[in-house]
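Just below is one structure, and these are the notes that go with it.
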Amino acid sequence: MAGPAMQQPSFLLANLKIDSTTKPFLQCCQELVKIIDDYPAKGPVKVSIQEGVLPDCPLLNNKLHFPLSGLQTLSLALNPFEYYMFMFASSLITPKNYSLGQHVSSLDSAYFVLVDTYLKYFLPTEGSVPPSPFTNKRGSVSPPAPRAPSVPFAGYGTHSTSLLKRHISHQPSVTADPAAQEIWRSEALLQVFVEMWLHHYSLEMYQKLQSPQVKEPFTPTEEHVLVVRLLVKHLHAFSCSLKPEQVSSSAHSHTSPLEELKRVVVHRFVQQKLYVFLQHCFGHWPLDASFRVVLETWLSYIQPWRYTGEKTNPQTDQNKGVPEKWSLFVQENLLMYTKLFQGFLNRVVRTDLVNVKNALMVFRVAKVFAQPNLSEMIQKGEQLFLEPEHVLHHRQHRCFLSPGHGGSFLSARQPVVTDRVFRVKSHVYGLEGQDCQYKQMFGTELRGTVLKLIQIIDQARQTAKKISDQSAEVAANNSFMSWFGMGSPDLNYTFNGGEVDDTGACVKTHEFLERSLDYLCQIFRLNAGQLSQLMATLGSGQDDGNSKQLPDSVQGEKGLILTDLGRMQVINGLRRFEIEYQGDPELQPIRSYENAILVRLFFKISSLVNERFGGHMDALCSRSDFLGQLGRHYLASPEAAADGRSPETRVTAERNRRPRLSLRMLASYRTLLMLLLLYLFGALFSSGPMSSTLLILTGGVIKTCTSILTSMGKENVGFWQK
């Protein structure tokens, strides 16, 4: 069954360049939107084939149909099973148009359930692969037979021979091999899933691998990453289900094909593509809490011991440590631990750790790497990689055969390599290239970054603790108002600092950060004295008043502009701008503790009064006697702070400083409640509304006069003392 013909889109770029100089800008944008929808940047395999280069994927070796007319109408020859899985896998990375406000839960979707079902059926952890449901000869689905290519292809890198021919030369005839016949559907499903979901590289990695495929960056969706994590978790469980006698046995002739697949599935099918996939996500994913899906995918891969099928307890497992048998996996996946950990550090120092979701991610990573024995395994792997070159034998063979370099996993096995130095170096050079500059996770350079992170975490912890305490105080002060449904839900006065941890308990932000500090000290072997000295150095540079200073900034035409240091200070809560309204007090947004109808009504009344009697108010407030002070107390509006931080114009500032009447305080629920209580109190003494109003106004005037006379008396005393 042949797939749809592939059209050549290379003419689009030339047309876009021509249109950009002849057509209006709006029309060009509209056409570009349509082109992006029609040609999404999620088909690198297709583009590679059209350029005459066979992708590093054995799935396509024997399925490309080459017409005599050339590469313009290439198609894939797939059997029904392959065709279905090909279309099923590609639907995940196909752009979807959801209606506005529509939210689809990925974990509950039919697609997610189907992926899980297919993985469990074709890659079972117990028993063997079920036979084909078709029993009659007419309806059976046979694995495709190999066939010779008719068009030469150029390979990657320094390979000068045809990559297509190289694959076929190493691939046995699957139709004649009963072992391949047994699990060909399992291998085909795995190859389709890996190729479709993980074959997306960043521009930097394209250049390193000398790949001629798609050059634009690719950003997967959260649903895409969730499915990739499901694949990773199941492959670990599938690999861990390998029988113990098969793990230690050196005689592979009696090993069943399914057990052989379990032995090599992670290293030969997933490792390289998943590493590049995660590295791309670490470098391009937005700096927000949605990165959690990428983080958990990474943590799932580097902890295969979690999927052994044994019942686990998070608390006991943390103290139990990583079994020694996993040291080889850690060493053969060294970059997954060290390079991606460094990428995570680069993200953390740029995120807001006062945010509980970001603090939780730091806690998750620190807890995983703090597992006993894991840091020692990583450090041992780095020591093996840094061994001198003369310990290696046959250095010219610096990469193991993979499905991309040796066809089916059932092809001839490579010799067993007992030298772990060779294994680690092959892993690093195979993923990063021969000229890579490896940065040690436990080296001096990265240790400085870790110490900087510890300072940032401690500063964020102190900030989160202060916010949490202030939130508790505000909540206690508003408890009485909440009885009447008038408590302030303003986000400036509340703090949602709780998140569920691994054990299901609700933990606050500063508690996550405190635990993260402890774990980081365990990982990098920082004792209490070193940590105290580090915190003391931090404290000597910043006192209590430093938190009230403005972030580092420079003066621009329209106000202050943050520097890079200032951005770091704001992100991590070290310094902040005092957020205050500096415009017209009468025009500020209606608050949650105000009645919107009364605010608008009193604004109209006060505006009419100010417009009609504005001159009299100016004259009254300009007097220097007692009446002038009384007028300024009731009529003069608060002056905007003239410190250069407000963008208001001079005309606006002058208008805001003019004396005027403001009745907005009467629209506050708190003021209304106090007036209601005073009227009820007056009613107890048989006082009518008019009498109570007169008493309230009289009491207010007397209080104001007393305060004015007191201030005038202090000024006179100070004058005579001088």
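Identifiers in the structure tokens: chain A, B, ... in order shown; residue index from 1 per chain; ligand index from 1 in order shown.
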Original post:
If we count only C-alpha atoms, what is near range 190-192 of chain A at a cut-off of 10 Å, once residues fewer than 3 positions away on the same chain are taken out, given as number ranges by chain?
Top reply: A: 57-60, 82-83, 85-90, 119, 122-123, 184-187, 195-198, 231, 235, 265, 269-270, 403, 408
**OP:** Excluding range 347-362 of chain A and residues on its chain fewer than 6 positions from it, collect all residues at most 8 Å away from it, counting only C-alpha atoms, and give them as a PyMOL selection string.
**Re:** chain A and resi 282+287-289+292+295+453+456-457+460-461+463-464+497-499+501+508-510+512-513+516+568+571-573
Residues from the last selection, N, CA, C and O atoms, saved as an mmCIF file, in the first residue's frame:
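Contents of again_29.cif, as written:
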data_model
loop_
_atom_site.group_PDB
_atom_site.id
_atom_site.type_symbol
_atom_site.label_atom_id
_atom_site.label_comp_id
_atom_site.auth_asym_id
_atom_site.auth_seq_id
_atom_site.Cartn_x
_atom_site.Cartn_y
_atom_site.Cartn_z
ATOM 1 N N PHE A 282 15.156 21.705 26.251
ATOM 2 C CA PHE A 282 15.790 22.466 27.331
ATOM 3 C C PHE A 282 16.213 23.848 26.861
ATOM 4 O O PHE A 282 16.187 24.810 27.631
ATOM 5 N N LEU A 287 10.197 29.761 29.542
ATOM 6 C CA LEU A 287 10.594 29.732 30.953
ATOM 7 C C LEU A 287 9.364 29.849 31.847
ATOM 8 O O LEU A 287 9.161 30.848 32.546
ATOM 9 N N ASP A 288 8.515 28.838 31.833
ATOM 10 C CA ASP A 288 7.320 28.838 32.667
ATOM 11 C C ASP A 288 7.101 27.430 33.207
ATOM 12 O O ASP A 288 7.889 26.508 32.978
ATOM 13 N N ALA A 289 5.991 27.265 33.927
ATOM 14 C CA ALA A 289 5.728 25.996 34.608
ATOM 15 C C ALA A 289 5.390 24.865 33.650
ATOM 16 O O ALA A 289 5.409 23.700 34.051
ATOM 17 N N ARG A 292 7.414 21.511 33.065
ATOM 18 C CA ARG A 292 7.339 20.335 33.945
ATOM 19 C C ARG A 292 7.215 19.038 33.141
ATOM 20 O O ARG A 292 7.768 17.999 33.527
ATOM 21 N N LEU A 295 10.602 18.109 31.942
ATOM 22 C CA LEU A 295 11.406 17.715 33.092
ATOM 23 C C LEU A 295 11.097 16.287 33.531
ATOM 24 O O LEU A 295 12.006 15.480 33.773
ATOM 25 N N LEU A 453 23.650 29.243 42.181
ATOM 26 C CA LEU A 453 22.267 28.783 42.287
ATOM 27 C C LEU A 453 21.846 28.650 43.745
ATOM 28 O O LEU A 453 20.714 28.987 44.104
ATOM 29 N N ILE A 456 20.928 31.994 44.960
ATOM 30 C CA ILE A 456 19.637 32.409 44.419
ATOM 31 C C ILE A 456 18.495 31.689 45.133
ATOM 32 O O ILE A 456 17.468 32.287 45.475
ATOM 33 N N ILE A 457 18.674 30.388 45.375
ATOM 34 C CA ILE A 457 17.633 29.619 46.055
ATOM 35 C C ILE A 457 17.418 30.143 47.468
ATOM 36 O O ILE A 457 16.275 30.288 47.929
ATOM 37 N N ALA A 460 15.566 33.435 47.260
ATOM 38 C CA ALA A 460 14.163 33.196 46.937
ATOM 39 C C ALA A 460 13.421 32.573 48.113
ATOM 40 O O ALA A 460 12.241 32.854 48.336
ATOM 41 N N ARG A 461 14.103 31.718 48.873
ATOM 42 C CA ARG A 461 13.484 31.107 50.053
ATOM 43 C C ARG A 461 13.105 32.165 51.083
ATOM 44 O O ARG A 461 12.004 32.137 51.657
ATOM 45 N N THR A 463 12.542 35.338 50.494
ATOM 46 C CA THR A 463 11.440 36.139 49.944
ATOM 47 C C THR A 463 10.117 35.392 50.059
ATOM 48 O O THR A 463 9.097 35.967 50.452
ATOM 49 N N ALA A 464 10.109 34.106 49.705
ATOM 50 C CA ALA A 464 8.877 33.319 49.793
ATOM 51 C C ALA A 464 8.400 33.195 51.222
ATOM 52 O O ALA A 464 7.185 33.215 51.485
ATOM 53 N N GLY A 497 0.984 29.528 48.079
ATOM 54 C CA GLY A 497 2.319 28.964 48.172
ATOM 55 C C GLY A 497 2.348 27.488 48.432
ATOM 56 O O GLY A 497 3.320 26.993 48.980
ATOM 57 N N GLY A 498 1.300 26.754 48.095
ATOM 58 C CA GLY A 498 1.246 25.327 48.365
ATOM 59 C C GLY A 498 1.206 24.508 47.094
ATOM 60 O O GLY A 498 0.579 24.893 46.119
ATOM 61 N N GLU A 499 1.906 23.368 47.120
ATOM 62 C CA GLU A 499 1.899 22.439 45.988
ATOM 63 C C GLU A 499 2.130 21.040 46.551
ATOM 64 O O GLU A 499 2.804 20.860 47.575
ATOM 65 N N ASP A 501 3.737 17.452 46.880
ATOM 66 C CA ASP A 501 5.027 16.852 46.560
ATOM 67 C C ASP A 501 4.852 15.381 46.198
ATOM 68 O O ASP A 501 3.737 14.908 45.955
ATOM 69 N N LYS A 508 4.808 24.202 51.038
ATOM 70 C CA LYS A 508 4.901 25.596 50.614
ATOM 71 C C LYS A 508 6.210 25.842 49.865
ATOM 72 O O LYS A 508 7.132 25.029 49.891
ATOM 73 N N THR A 509 6.269 27.011 49.242
ATOM 74 C CA THR A 509 7.413 27.322 48.381
ATOM 75 C C THR A 509 8.723 27.293 49.141
ATOM 76 O O THR A 509 9.703 26.665 48.708
ATOM 77 N N HIS A 510 8.776 27.978 50.278
ATOM 78 C CA HIS A 510 10.050 28.050 51.006
ATOM 79 C C HIS A 510 10.472 26.683 51.542
ATOM 80 O O HIS A 510 11.661 26.416 51.706
ATOM 81 N N PHE A 512 9.934 23.793 49.848
ATOM 82 C CA PHE A 512 10.555 23.160 48.680
ATOM 83 C C PHE A 512 11.988 23.643 48.511
ATOM 84 O O PHE A 512 12.903 22.836 48.235
ATOM 85 N N LEU A 513 12.196 24.939 48.656
ATOM 86 C CA LEU A 513 13.528 25.495 48.449
ATOM 87 C C LEU A 513 14.489 25.067 49.547
ATOM 88 O O LEU A 513 15.679 24.843 49.292
ATOM 89 N N SER A 516 15.511 21.647 48.683
ATOM 90 C CA SER A 516 16.406 21.683 47.520
ATOM 91 C C SER A 516 17.825 22.041 47.934
ATOM 92 O O SER A 516 18.798 21.465 47.424
ATOM 93 N N MET A 568 17.721 39.938 36.671
ATOM 94 C CA MET A 568 17.983 38.812 37.557
ATOM 95 C C MET A 568 17.486 39.100 38.970
ATOM 96 O O MET A 568 16.930 38.221 39.641
ATOM 97 N N ILE A 571 13.580 38.835 38.847
ATOM 98 C CA ILE A 571 13.100 37.463 38.647
ATOM 99 C C ILE A 571 13.178 36.657 39.924
ATOM 100 O O ILE A 571 12.257 35.911 40.269
ATOM 101 N N ASN A 572 14.259 36.832 40.682
ATOM 102 C CA ASN A 572 14.464 36.023 41.878
ATOM 103 C C ASN A 572 14.021 36.723 43.159
ATOM 104 O O ASN A 572 14.319 36.244 44.252
ATOM 105 N N GLY A 573 13.314 37.850 43.023
ATOM 106 C CA GLY A 573 12.744 38.502 44.192
ATOM 107 C C GLY A 573 13.749 39.200 45.080
ATOM 108 O O GLY A 573 13.450 39.464 46.252
#
Original post:
Out of A:Ala188, A:Leu230, A:Leu78, A:Lys311, which residue has the shortest atom-to-atom distance to Asp116 in chain A when counting only C-alpha atoms?
Top reply: A:Leu230
Original post:
For Glu578 in chain A, which residue among A:Thr710, A:Gln434, A:Gln549, A:Asn79 is the nearest when counting only C-alpha atoms?
Top reply: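 Between A:Thr710, A:Gln434, A:Gln549, A:Asn79, the residue approaching Glu578 in chain A most closely is A:Gln549.
Within the 6 Å cut-off around range 592-598 of chain A, using only C-alpha atoms and omitting residues fewer than 3 positions from it on the same chain, the listed residues are Leu601, Phe602, Ala667, Ser668 and Tyr669 of chain A.
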Original post:
Leu675 in chain A: which residues within 10 Å, counting only C-alpha atoms, same-chain residues fewer than 6 positions away excluded, as a ChimeraX atom specification?
Top reply: /A:666,669,681,692-693,696
**OP:** Provide the CA of His236 in chain A to CA of Gln331 in chain A distance in Å, to one decimal place.
**Re:** 16.5 Å
Original post:
CA of Leu627 in chain A and CA of Ser711 in chain A, how far apart in Å?
Top reply: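 CA of Leu627 in chain A lies at a distance of 14.0 Å from CA of Ser711 in chain A.
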**OP:** Go through A:Ile579, A:Met535, A:Ile702, A:Ile183 one by one, measure the shortest atom-to-atom distance of each to Pro131 in chain A using only C-alpha atoms, and give the residue with the smallest value.
**Re:**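 Smallest distance to Pro131 in chain A is found for A:Ile183.
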Subject >> Pick from A:Tyr111, A:Asn373, A:Tyr275, A:Tyr307, whichever lies nearest to Gly430 in chain A using only C-alpha atoms >> reply: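 Closest to Gly430 in chain A, using only C-alpha atoms: A:Tyr275.
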Original post:
Which residue gives the smallest distance to Ser375 in chain A among A:Ile523, A:Met441, A:Cys506, A:Ala237, with only C-alpha atoms counted?
Top reply: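 Going through A:Ile523, A:Met441, A:Cys506, A:Ala237 one by one, the smallest distance to Ser375 in chain A is for A:Ile523.
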**OP:** Work out how far CA of Phe577 in chain A is from CA of Ile467 in chain A, in Å to one decimal.
**Re:** 15.5 Å
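Looking only at range 537-622 of chain A, the set that DSSP places in strand (DSSP E) from backbone geometry is Ser553, Val554, Gln555, Gly556, Gly559, Leu560, Ile561 and Leu562 of chain A.
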Write a file of the selected residues as a short mmCIF file (atom, residue, chain, number, x, y, z; two decimals), in the first residue's frame, keeping N, CA and C atoms.
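And here is the file that came out, again_17.cif:
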data_model
loop_
_atom_site.label_atom_id
_atom_site.label_comp_id
_atom_site.auth_asym_id
_atom_site.auth_seq_id
_atom_site.Cartn_x
_atom_site.Cartn_y
_atom_site.Cartn_z
N SER A 553 19.21 49.57 37.27
CA SER A 553 18.59 50.09 36.05
C SER A 553 19.30 51.36 35.61
N VAL A 554 19.01 51.77 34.39
CA VAL A 554 19.56 53.01 33.84
C VAL A 554 18.40 53.90 33.41
N GLN A 555 18.65 55.20 33.39
CA GLN A 555 17.61 56.15 33.04
C GLN A 555 17.50 56.26 31.52
N GLY A 556 16.28 56.02 31.01
CA GLY A 556 16.02 56.16 29.60
C GLY A 556 15.13 57.34 29.31
N GLY A 559 11.81 56.69 31.14
CA GLY A 559 11.89 56.19 32.50
C GLY A 559 13.05 55.23 32.67
N LEU A 560 12.98 54.45 33.74
CA LEU A 560 14.05 53.52 34.07
C LEU A 560 13.99 52.27 33.20
N ILE A 561 15.16 51.77 32.80
CA ILE A 561 15.27 50.56 31.99
C ILE A 561 16.14 49.57 32.76
N LEU A 562 15.62 48.36 32.94
CA LEU A 562 16.34 47.34 33.69
C LEU A 562 17.58 46.88 32.94
#
**OP:** Skip range 613-620 of chain A itself and residues of its chain fewer than 5 positions away, then list as a list in words all residues within 7 Å of it, counting only C-alpha atoms.
**Re:** Gly628, Gly631, Pro659 and Arg660 of chain A
Selection file, C-alpha atoms, as a short mmCIF file (atom, residue, chain, number, x, y, z; two decimals), in the first residue's frame:
data_model
loop_
_atom_site.label_atom_id
_atom_site.label_comp_id
_atom_site.auth_asym_id
_atom_site.auth_seq_id
_atom_site.Cartn_x
_atom_site.Cartn_y
_atom_site.Cartn_z
CA GLY A 628 -6.59 77.17 55.13
CA GLY A 631 -9.40 73.19 53.67
CA PRO A 659 -7.51 71.09 45.60
CA ARG A 660 -10.74 69.23 44.97
#
**OP:** Would you mind telling me which residue in A:Phe112, A:Phe422, A:Phe341, A:Tyr634 lies nearest to Arg229 in chain A when using only C-alpha atoms?
**Re:**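 Using only C-alpha atoms, Arg229 in chain A sits closest to A:Phe112.
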**OP:** Among the residues of range 248-357 of chain A, find those DSSP assigns to alpha helix (DSSP H) from the backbone and print them as number ranges by chain.
**Re:** A: 248, 257-265, 271-284, 292-301, 314-320, 327-332, 334-348, 356-357
Subject >> For Lys367 in chain A: contacts at 10 Å, only C-alpha atoms, fewer than 2 positions along chain excluded, given as a VMD selection string >> reply: chain A and resid 318 361 to 365 369 to 371 515 to 516 518 to 520 522 to 523
Residue selection dump (N, CA, C and O atoms) as a PDB file, in the first residue's frame:
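Okay, out_29.pdb is ready:
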ATOM      1  N   GLN A 318      14.285   6.549  48.698  1.00  0.00           N
ATOM      2  CA  GLN A 318      15.207   7.675  48.722  1.00  0.00           C
ATOM      3  C   GLN A 318      16.412   7.359  49.601  1.00  0.00           C
ATOM      4  O   GLN A 318      17.534   7.761  49.304  1.00  0.00           O
ATOM      5  N   MET A 361       9.926  22.188  40.638  1.00  0.00           N
ATOM      6  CA  MET A 361      10.793  21.568  39.632  1.00  0.00           C
ATOM      7  C   MET A 361      12.233  21.470  40.132  1.00  0.00           C
ATOM      8  O   MET A 361      12.911  20.458  39.905  1.00  0.00           O
ATOM      9  N   VAL A 362      12.725  22.521  40.798  1.00  0.00           N
ATOM     10  CA  VAL A 362      14.073  22.463  41.368  1.00  0.00           C
ATOM     11  C   VAL A 362      14.157  21.348  42.412  1.00  0.00           C
ATOM     12  O   VAL A 362      15.127  20.585  42.470  1.00  0.00           O
ATOM     13  N   PHE A 363      13.126  21.251  43.224  1.00  0.00           N
ATOM     14  CA  PHE A 363      13.080  20.205  44.247  1.00  0.00           C
ATOM     15  C   PHE A 363      13.101  18.813  43.621  1.00  0.00           C
ATOM     16  O   PHE A 363      13.797  17.912  44.093  1.00  0.00           O
ATOM     17  N   ARG A 364      12.340  18.617  42.551  1.00  0.00           N
ATOM     18  CA  ARG A 364      12.274  17.306  41.906  1.00  0.00           C
ATOM     19  C   ARG A 364      13.647  16.877  41.382  1.00  0.00           C
ATOM     20  O   ARG A 364      14.088  15.741  41.582  1.00  0.00           O
ATOM     21  N   VAL A 365      14.332  17.794  40.702  1.00  0.00           N
ATOM     22  CA  VAL A 365      15.641  17.453  40.133  1.00  0.00           C
ATOM     23  C   VAL A 365      16.661  17.207  41.240  1.00  0.00           C
ATOM     24  O   VAL A 365      17.431  16.234  41.198  1.00  0.00           O
ATOM     25  N   PHE A 369      18.777  13.587  41.883  1.00  0.00           N
ATOM     26  CA  PHE A 369      20.241  13.488  41.822  1.00  0.00           C
ATOM     27  C   PHE A 369      20.863  13.260  43.194  1.00  0.00           C
ATOM     28  O   PHE A 369      22.047  12.908  43.280  1.00  0.00           O
ATOM     29  N   ALA A 370      20.094  13.483  44.270  1.00  0.00           N
ATOM     30  CA  ALA A 370      20.616  13.258  45.617  1.00  0.00           C
ATOM     31  C   ALA A 370      20.438  11.821  46.083  1.00  0.00           C
ATOM     32  O   ALA A 370      20.803  11.498  47.217  1.00  0.00           O
ATOM     33  N   GLN A 371      19.892  10.950  45.239  1.00  0.00           N
ATOM     34  CA  GLN A 371      19.753   9.545  45.624  1.00  0.00           C
ATOM     35  C   GLN A 371      21.129   8.950  45.914  1.00  0.00           C
ATOM     36  O   GLN A 371      22.070   9.173  45.148  1.00  0.00           O
ATOM     37  N   ARG A 515      14.404  22.189  51.152  1.00  0.00           N
ATOM     38  CA  ARG A 515      14.780  20.809  50.838  1.00  0.00           C
ATOM     39  C   ARG A 515      15.735  20.757  49.650  1.00  0.00           C
ATOM     40  O   ARG A 515      16.666  19.937  49.615  1.00  0.00           O
ATOM     41  N   SER A 516      15.511  21.647  48.683  1.00  0.00           N
ATOM     42  CA  SER A 516      16.406  21.683  47.520  1.00  0.00           C
ATOM     43  C   SER A 516      17.825  22.041  47.934  1.00  0.00           C
ATOM     44  O   SER A 516      18.798  21.465  47.424  1.00  0.00           O
ATOM     45  N   ASP A 518      19.215  21.398  50.817  1.00  0.00           N
ATOM     46  CA  ASP A 518      19.791  20.223  51.475  1.00  0.00           C
ATOM     47  C   ASP A 518      20.253  19.192  50.446  1.00  0.00           C
ATOM     48  O   ASP A 518      21.350  18.620  50.565  1.00  0.00           O
ATOM     49  N   TYR A 519      19.432  18.954  49.429  1.00  0.00           N
ATOM     50  CA  TYR A 519      19.783  17.959  48.407  1.00  0.00           C
ATOM     51  C   TYR A 519      21.005  18.397  47.601  1.00  0.00           C
ATOM     52  O   TYR A 519      21.883  17.580  47.283  1.00  0.00           O
ATOM     53  N   LEU A 520      21.066  19.684  47.249  1.00  0.00           N
ATOM     54  CA  LEU A 520      22.220  20.167  46.489  1.00  0.00           C
ATOM     55  C   LEU A 520      23.507  20.046  47.297  1.00  0.00           C
ATOM     56  O   LEU A 520      24.573  19.740  46.739  1.00  0.00           O
ATOM     57  N   GLN A 522      24.069  17.724  49.454  1.00  0.00           N
ATOM     58  CA  GLN A 522      24.411  16.308  49.425  1.00  0.00           C
ATOM     59  C   GLN A 522      25.059  15.924  48.091  1.00  0.00           C
ATOM     60  O   GLN A 522      26.047  15.173  48.055  1.00  0.00           O
ATOM     61  N   ILE A 523      24.519  16.449  47.002  1.00  0.00           N
ATOM     62  CA  ILE A 523      25.033  16.082  45.679  1.00  0.00           C
ATOM     63  C   ILE A 523      26.471  16.552  45.504  1.00  0.00           C
ATOM     64  O   ILE A 523      27.346  15.795  45.059  1.00  0.00           O
TER      65      ILE A 523
END
